Structures are given as C-alpha cells and as structure tokens.
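Quick notes on the structure that follows.
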Amino acid sequence: MFVPVVDKNNCPLMPTTPGRARRWIKSGKATPFFKKGVFCVRLNQEPSNRNTQPIAVGVDPGSKREGYTVKSQAHTYLNIQTHAVDWVQDRVEVRRNMRRARRYRHTPCRQNRKNRLVIKQKLPPSTRSRWQWKLRICKWLTSMFPVSTFVVEDIKAKTWKKAHKWNSMFSPLEVGKKWFYSELERLANLEIRTGNETYEMRQELGLKKSKNKLSNKFDAHCVDSWVLANWFVGGETVLWEGFPQSTATLKGHTNPDNTALIEVVPLEFHRRQLHRLQHQSGHIRPRYGGTISDGLKRGSLVKHPKYGFCYVGGWQESPTTKDPNRKTISLHSLSTGKRLTQNALSKDCKFCTYSSWRITAVKTA
C-alpha cells in the first residue's frame, strides 16, 4: 500500500511508502490527514522535485457495482469497488405519486411554473445521479493522485433491429455516458476501450473474472479496471514529465501486484418532503426527511464516547420532564451501515469531518 502525498496547496504529488510517510510525520516534514477515508500526508515544506510519472485510472462501470484502479508503471496504488446509486428512480416515482395524491385531494399549492427546460438538454434524475456518482469518485482520486489519463470501459445500450439509431441517440444511458466523458476530459486525458477489448487483454494476462457481480473481491470488478489501467501505463511509449529530452517504453505487470481494495458505499439521504406518505392517527401528516440532525449534517463522521467513530443518521424528538425540547440523533456503523443507537445526544458527539459515503477496507483471503 502507498500513501498519497500533497503539497502545501493540496496539489497531488507522487505517492510514497508508509515507512517514509511515518518518518516525515515524526520529523515534522509532513502532516497526516484523511481524504474522505483515505490516509494522506501533506508536506510542510517545498518538495525536492515535482516530477511525476504517468498515472492511469481504470474505470469499470456497472449497474450494481463498479471498479476503479489507480496505477503507474511500477505500482498499483489503490483499488476501489463502489456501490452504484440505484434508488433514485424509485424515489422519483414515490414523489410523483405523492404529488398526484395532493392534486386529487385539492390541496392548496402554488401555480405551475412555465417549463424552462424545453429547449435545454437535461438528464433524467436516475441517469444523472448514476453518472454524477462516477464523476465524484474520479474527482476524489484526482485530488489525491496526479492522474494523467482515465481509461474507461465503454458501455452501449441495446439497439432495436428495426430502429438502429433510436437507443444510440436518445437512450438515457448514451446521453449520460456522453456527458460523463465530456466531464472527464476536463480533468485529464480520456481513453475508451470496448468490453471486447477488455476481455482480450484479460485473457492475454491469464486473469479470470468472477461471475458473482455482487462480490467484494478483486476479481469481481477491479480486475477489469486494473487491466485497463495496466494497458495504458504498460503498453504505450510516453514522454516523462520533467524530462522533455527522453522517452521510455513502459512494460506493465503480467500479474496484479496489489489486490487489496476498499469498498465505498454512497449514503442514501431522505430529502425533506412536504409530509409523510401515510398519515398518522387523527389524519396528521408530519414533515419528513432533511439533511440536518440537531445541528449536525447527516453523514458526518463523529466520535462518540461509547460507540467510537460512526456517522450521523436521522433525529427524533424525545422530550423529558427536565427538557421538553430534547432531541436525539441516530448513529450508524461505518463498516456495515447498521444503526447503533437512536438515543445519542449531539453534544456528546465530537465532529470529525463531512462525508456522503462510508468506506471500509476489504480483507483479502
């Protein structure tokens, strides 16, 4: 494993070994910090040089799980498997049903606004959330590593036999993919490879991919992202940054040198609604949802004296005779996401950092 390094201005540099990072911290040359769950160091002085090697990020998109690999010629720095955002479509349907129910009950509401998006290109909510999640992960990686290229496995929508251009032009998948590619090109160079090319590269290296797509093992999705990144840094003749007069032909790995991975799970927040879908006794519909729990933003990493490090969930009113306005918050486990308690007080929690996902290290066999 390697430790990401940034300078005083948070510009990413080449990663270093854990032993060297410990010596830097002990001597005061660097300050440790966490970047959304990944341990990093920040240099307190000007680095000896800023030469960087080509670093590629392999991206293997999927409908349920996705793989990301950060790799250079000599080392594999990080393997990530993420859970896709797949709940937005159901939430939009519930919101539509609630709106229709309010109209049926003739609930007072504001007058409909003019459609201002008729002539503008827009993405469906479910498609936008899926591809925005991929872009957030890529931006997170570029903030820790000097990424030079993204290598993405291209995915295509199924086309009809009688209308070949329909899904290729108007499919939400194709529209979202093109938007994602345009945003990636703003961050670094972009290379696109088809699924057949990824399969051929994997077969040449003698690697096998697991059929269990929901597994959190390296051979489920990260094997493809590793192959894509290894193809770029190992099969191209590149010009080294900082050495304009010399070129080098890179030779990639034939076997993965690092199969350890971390799992990133996005947190599902219940946005503030007008009221609950089902009314309580007495036809009372209390408000529901929100992103603030008694002054703490939901998803924030906090430290509790009893439950340790955990993240903030929802809140509820728990009045007592001494404090009729007493509110309690729920705390959730970072590893499993299960709720630990509903009766925690915000004053007992020490705020650490904001977060919108939970991250865990997967143990390798």
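Naming scheme: A, B, ... for chains in displayed order of the structure tokens; residues 1 onward per chain; ligands 1 onward as shown.
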Can you list, as an mmCIF file with N, CA, C and O atoms, in the first residue's frame, every protein, DNA or RNA residue that comes within 12 Å of Pro146 (chain A) when you count only C-alpha atoms, leaving out same-chain residues fewer than 3 positions away?
```cif
data_model
loop_
_atom_site.group_PDB
_atom_site.id
_atom_site.type_symbol
_atom_site.label_atom_id
_atom_site.label_comp_id
_atom_site.auth_asym_id
_atom_site.auth_seq_id
_atom_site.Cartn_x
_atom_site.Cartn_y
_atom_site.Cartn_z
ATOM 1 N N PRO A 4 -0.921 8.576 -0.379
ATOM 2 C CA PRO A 4 -0.963 9.770 -1.235
ATOM 3 C C PRO A 4 -0.295 10.958 -0.571
ATOM 4 O O PRO A 4 -0.370 11.136 0.655
ATOM 5 N N VAL A 5 0.344 11.789 -1.382
ATOM 6 C CA VAL A 5 1.083 12.953 -0.894
ATOM 7 C C VAL A 5 0.594 14.189 -1.641
ATOM 8 O O VAL A 5 0.403 14.157 -2.863
ATOM 9 N N VAL A 6 0.377 15.278 -0.898
ATOM 10 C CA VAL A 6 0.018 16.567 -1.489
ATOM 11 C C VAL A 6 0.953 17.620 -0.923
ATOM 12 O O VAL A 6 1.552 17.446 0.149
ATOM 13 N N ASP A 7 1.080 18.742 -1.646
ATOM 14 C CA ASP A 7 1.943 19.821 -1.172
ATOM 15 C C ASP A 7 1.145 20.793 -0.303
ATOM 16 O O ASP A 7 0.003 20.517 0.094
ATOM 17 N N ASN A 10 -2.264 21.625 -1.543
ATOM 18 C CA ASN A 10 -3.104 20.447 -1.789
ATOM 19 C C ASN A 10 -3.024 19.960 -3.231
ATOM 20 O O ASN A 10 -3.963 19.311 -3.718
ATOM 21 N N CYS A 11 -1.926 20.246 -3.926
ATOM 22 C CA CYS A 11 -1.706 19.697 -5.261
ATOM 23 C C CYS A 11 -1.097 18.308 -5.118
ATOM 24 O O CYS A 11 -0.100 18.142 -4.399
ATOM 25 N N PRO A 12 -1.653 17.306 -5.777
ATOM 26 C CA PRO A 12 -1.158 15.930 -5.578
ATOM 27 C C PRO A 12 0.229 15.733 -6.164
ATOM 28 O O PRO A 12 0.570 16.253 -7.234
ATOM 29 N N LEU A 13 1.041 14.957 -5.429
ATOM 30 C CA LEU A 13 2.364 14.547 -5.857
ATOM 31 C C LEU A 13 2.404 13.025 -5.949
ATOM 32 O O LEU A 13 1.399 12.350 -5.708
ATOM 33 N N MET A 14 3.556 12.488 -6.288
ATOM 34 C CA MET A 14 3.684 11.037 -6.368
ATOM 35 C C MET A 14 3.529 10.415 -4.983
ATOM 36 O O MET A 14 4.061 10.947 -3.997
ATOM 37 N N PRO A 15 2.807 9.303 -4.862
ATOM 38 C CA PRO A 15 2.631 8.652 -3.548
ATOM 39 C C PRO A 15 3.962 8.144 -2.995
ATOM 40 O O PRO A 15 4.953 7.980 -3.715
ATOM 41 N N ARG A 50 9.192 17.926 -8.402
ATOM 42 C CA ARG A 50 7.784 17.744 -8.731
ATOM 43 C C ARG A 50 7.597 16.875 -9.976
ATOM 44 O O ARG A 50 6.576 16.965 -10.652
ATOM 45 N N ASN A 51 8.571 16.054 -10.285
ATOM 46 C CA ASN A 51 8.450 15.163 -11.426
ATOM 47 C C ASN A 51 7.418 14.077 -11.132
ATOM 48 O O ASN A 51 7.417 13.490 -10.044
ATOM 49 N N THR A 52 6.551 13.832 -12.067
ATOM 50 C CA THR A 52 5.508 12.825 -11.894
ATOM 51 C C THR A 52 5.573 11.813 -13.023
ATOM 52 O O THR A 52 5.950 12.138 -14.148
ATOM 53 N N GLN A 53 5.211 10.589 -12.715
ATOM 54 C CA GLN A 53 5.122 9.531 -13.696
ATOM 55 C C GLN A 53 3.690 9.444 -14.222
ATOM 56 O O GLN A 53 2.757 9.913 -13.565
ATOM 57 N N PRO A 54 3.487 8.842 -15.377
ATOM 58 C CA PRO A 54 2.110 8.665 -15.880
ATOM 59 C C PRO A 54 1.305 7.759 -14.948
ATOM 60 O O PRO A 54 1.715 6.639 -14.647
ATOM 61 N N ILE A 55 0.193 8.264 -14.496
ATOM 62 C CA ILE A 55 -0.712 7.504 -13.627
ATOM 63 C C ILE A 55 -2.067 7.432 -14.320
ATOM 64 O O ILE A 55 -2.624 8.457 -14.714
ATOM 65 N N ALA A 56 -2.566 6.217 -14.461
ATOM 66 C CA ALA A 56 -3.846 5.993 -15.131
ATOM 67 C C ALA A 56 -4.863 5.480 -14.123
ATOM 68 O O ALA A 56 -4.520 4.767 -13.176
ATOM 69 N N VAL A 57 -6.108 5.849 -14.343
ATOM 70 C CA VAL A 57 -7.231 5.364 -13.540
ATOM 71 C C VAL A 57 -8.121 4.527 -14.445
ATOM 72 O O VAL A 57 -8.713 5.049 -15.403
ATOM 73 N N VAL A 70 -6.095 2.815 -9.541
ATOM 74 C CA VAL A 70 -5.099 3.859 -9.758
ATOM 75 C C VAL A 70 -3.747 3.172 -9.876
ATOM 76 O O VAL A 70 -3.292 2.515 -8.927
ATOM 77 N N LYS A 71 -3.090 3.317 -11.029
ATOM 78 C CA LYS A 71 -1.879 2.539 -11.294
ATOM 79 C C LYS A 71 -0.873 3.347 -12.101
ATOM 80 O O LYS A 71 -1.244 4.157 -12.946
ATOM 81 N N SER A 72 0.395 3.110 -11.811
ATOM 82 C CA SER A 72 1.500 3.633 -12.606
ATOM 83 C C SER A 72 2.252 2.455 -13.222
ATOM 84 O O SER A 72 1.800 1.314 -13.149
ATOM 85 N N TYR A 77 -1.562 1.624 -6.882
ATOM 86 C CA TYR A 77 -1.698 2.417 -5.676
ATOM 87 C C TYR A 77 -3.009 2.158 -4.932
ATOM 88 O O TYR A 77 -3.028 2.120 -3.705
ATOM 89 N N CYS A 138 -14.091 9.998 -9.450
ATOM 90 C CA CYS A 138 -12.933 10.384 -10.267
ATOM 91 C C CYS A 138 -12.314 11.686 -9.768
ATOM 92 O O CYS A 138 -11.077 11.816 -9.721
ATOM 93 N N LYS A 139 -13.129 12.653 -9.386
ATOM 94 C CA LYS A 139 -12.589 13.895 -8.851
ATOM 95 C C LYS A 139 -11.895 13.659 -7.512
ATOM 96 O O LYS A 139 -10.883 14.313 -7.206
ATOM 97 N N TRP A 140 -12.441 12.765 -6.724
ATOM 98 C CA TRP A 140 -11.814 12.411 -5.445
ATOM 99 C C TRP A 140 -10.423 11.818 -5.663
ATOM 100 O O TRP A 140 -9.470 12.142 -4.955
ATOM 101 N N LEU A 141 -10.281 10.973 -6.677
ATOM 102 C CA LEU A 141 -8.987 10.364 -6.973
ATOM 103 C C LEU A 141 -7.984 11.393 -7.511
ATOM 104 O O LEU A 141 -6.796 11.337 -7.186
ATOM 105 N N THR A 142 -8.451 12.335 -8.327
ATOM 106 C CA THR A 142 -7.539 13.348 -8.856
ATOM 107 C C THR A 142 -7.067 14.320 -7.781
ATOM 108 O O THR A 142 -6.044 14.989 -7.971
ATOM 109 N N SER A 143 -7.791 14.410 -6.668
ATOM 110 C CA SER A 143 -7.346 15.263 -5.572
ATOM 111 C C SER A 143 -6.255 14.610 -4.736
ATOM 112 O O SER A 143 -5.608 15.288 -3.937
ATOM 113 N N THR A 149 -4.429 10.157 -17.042
ATOM 114 C CA THR A 149 -5.342 9.569 -18.023
ATOM 115 C C THR A 149 -6.402 8.746 -17.311
ATOM 116 O O THR A 149 -6.118 8.070 -16.315
ATOM 117 N N PHE A 150 -7.612 8.816 -17.836
ATOM 118 C CA PHE A 150 -8.699 7.924 -17.434
ATOM 119 C C PHE A 150 -8.936 6.928 -18.565
ATOM 120 O O PHE A 150 -9.078 7.328 -19.725
ATOM 121 N N LEU A 187 -10.790 16.897 -16.702
ATOM 122 C CA LEU A 187 -9.885 16.533 -15.614
ATOM 123 C C LEU A 187 -8.551 16.013 -16.128
ATOM 124 O O LEU A 187 -7.495 16.343 -15.585
ATOM 125 N N ALA A 188 -8.584 15.164 -17.148
ATOM 126 C CA ALA A 188 -7.365 14.550 -17.678
ATOM 127 C C ALA A 188 -7.681 13.990 -19.059
ATOM 128 O O ALA A 188 -8.795 14.123 -19.566
ATOM 129 N N GLU A 241 7.280 13.489 -17.703
ATOM 130 C CA GLU A 241 7.174 14.880 -17.289
ATOM 131 C C GLU A 241 8.419 15.274 -16.493
ATOM 132 O O GLU A 241 8.874 14.545 -15.616
#
```
Please identify the alpha helix (DSSP H) residues within region 207-307 of chain A (assignment by DSSP from backbone atoms) and present them as a PyMOL selection string.
chain A and resi 222-234
Pick out the residues sitting within 12 Å of region 93-104 of chain A, and hand them over as number ranges by chain; count only C-alpha atoms, and ignore anything fewer than 6 positions along from it in its own chain.
A: 87, 110-111, 125-126, 270-279
Take the residues just selected and output them with C-alpha atoms as a PDB file, in the first residue's frame.
```pdb
ATOM      1  CA  TRP A  87     -32.511   4.113  -5.741  1.00  0.00           C
ATOM      2  CA  ARG A 110     -48.611  27.234  -5.964  1.00  0.00           C
ATOM      3  CA  GLN A 111     -49.394  27.793  -9.615  1.00  0.00           C
ATOM      4  CA  PRO A 125     -32.805  12.113 -12.419  1.00  0.00           C
ATOM      5  CA  SER A 126     -31.785   8.456 -12.149  1.00  0.00           C
ATOM      6  CA  HIS A 270     -34.088  11.167   2.621  1.00  0.00           C
ATOM      7  CA  ARG A 271     -34.590  14.678   1.336  1.00  0.00           C
ATOM      8  CA  ARG A 272     -37.078  16.936   3.050  1.00  0.00           C
ATOM      9  CA  GLN A 273     -40.626  16.154   1.990  1.00  0.00           C
ATOM     10  CA  LEU A 274     -43.798  18.135   2.452  1.00  0.00           C
ATOM     11  CA  HIS A 275     -45.126  15.394   4.723  1.00  0.00           C
ATOM     12  CA  ARG A 276     -45.120  11.637   5.117  1.00  0.00           C
ATOM     13  CA  LEU A 277     -46.793   9.435   2.548  1.00  0.00           C
ATOM     14  CA  GLN A 278     -49.092   7.768   5.114  1.00  0.00           C
ATOM     15  CA  HIS A 279     -50.880   9.898   7.694  1.00  0.00           C
TER      16      HIS A 279
END
```
Sel. of strand (DSSP E) residues, region 142-330 of chain A, as a ChimeraX atom specification
/A:149-153,189-193,237-239,247-249,261-266,292-293,296-297,301-304,308-317,327-330
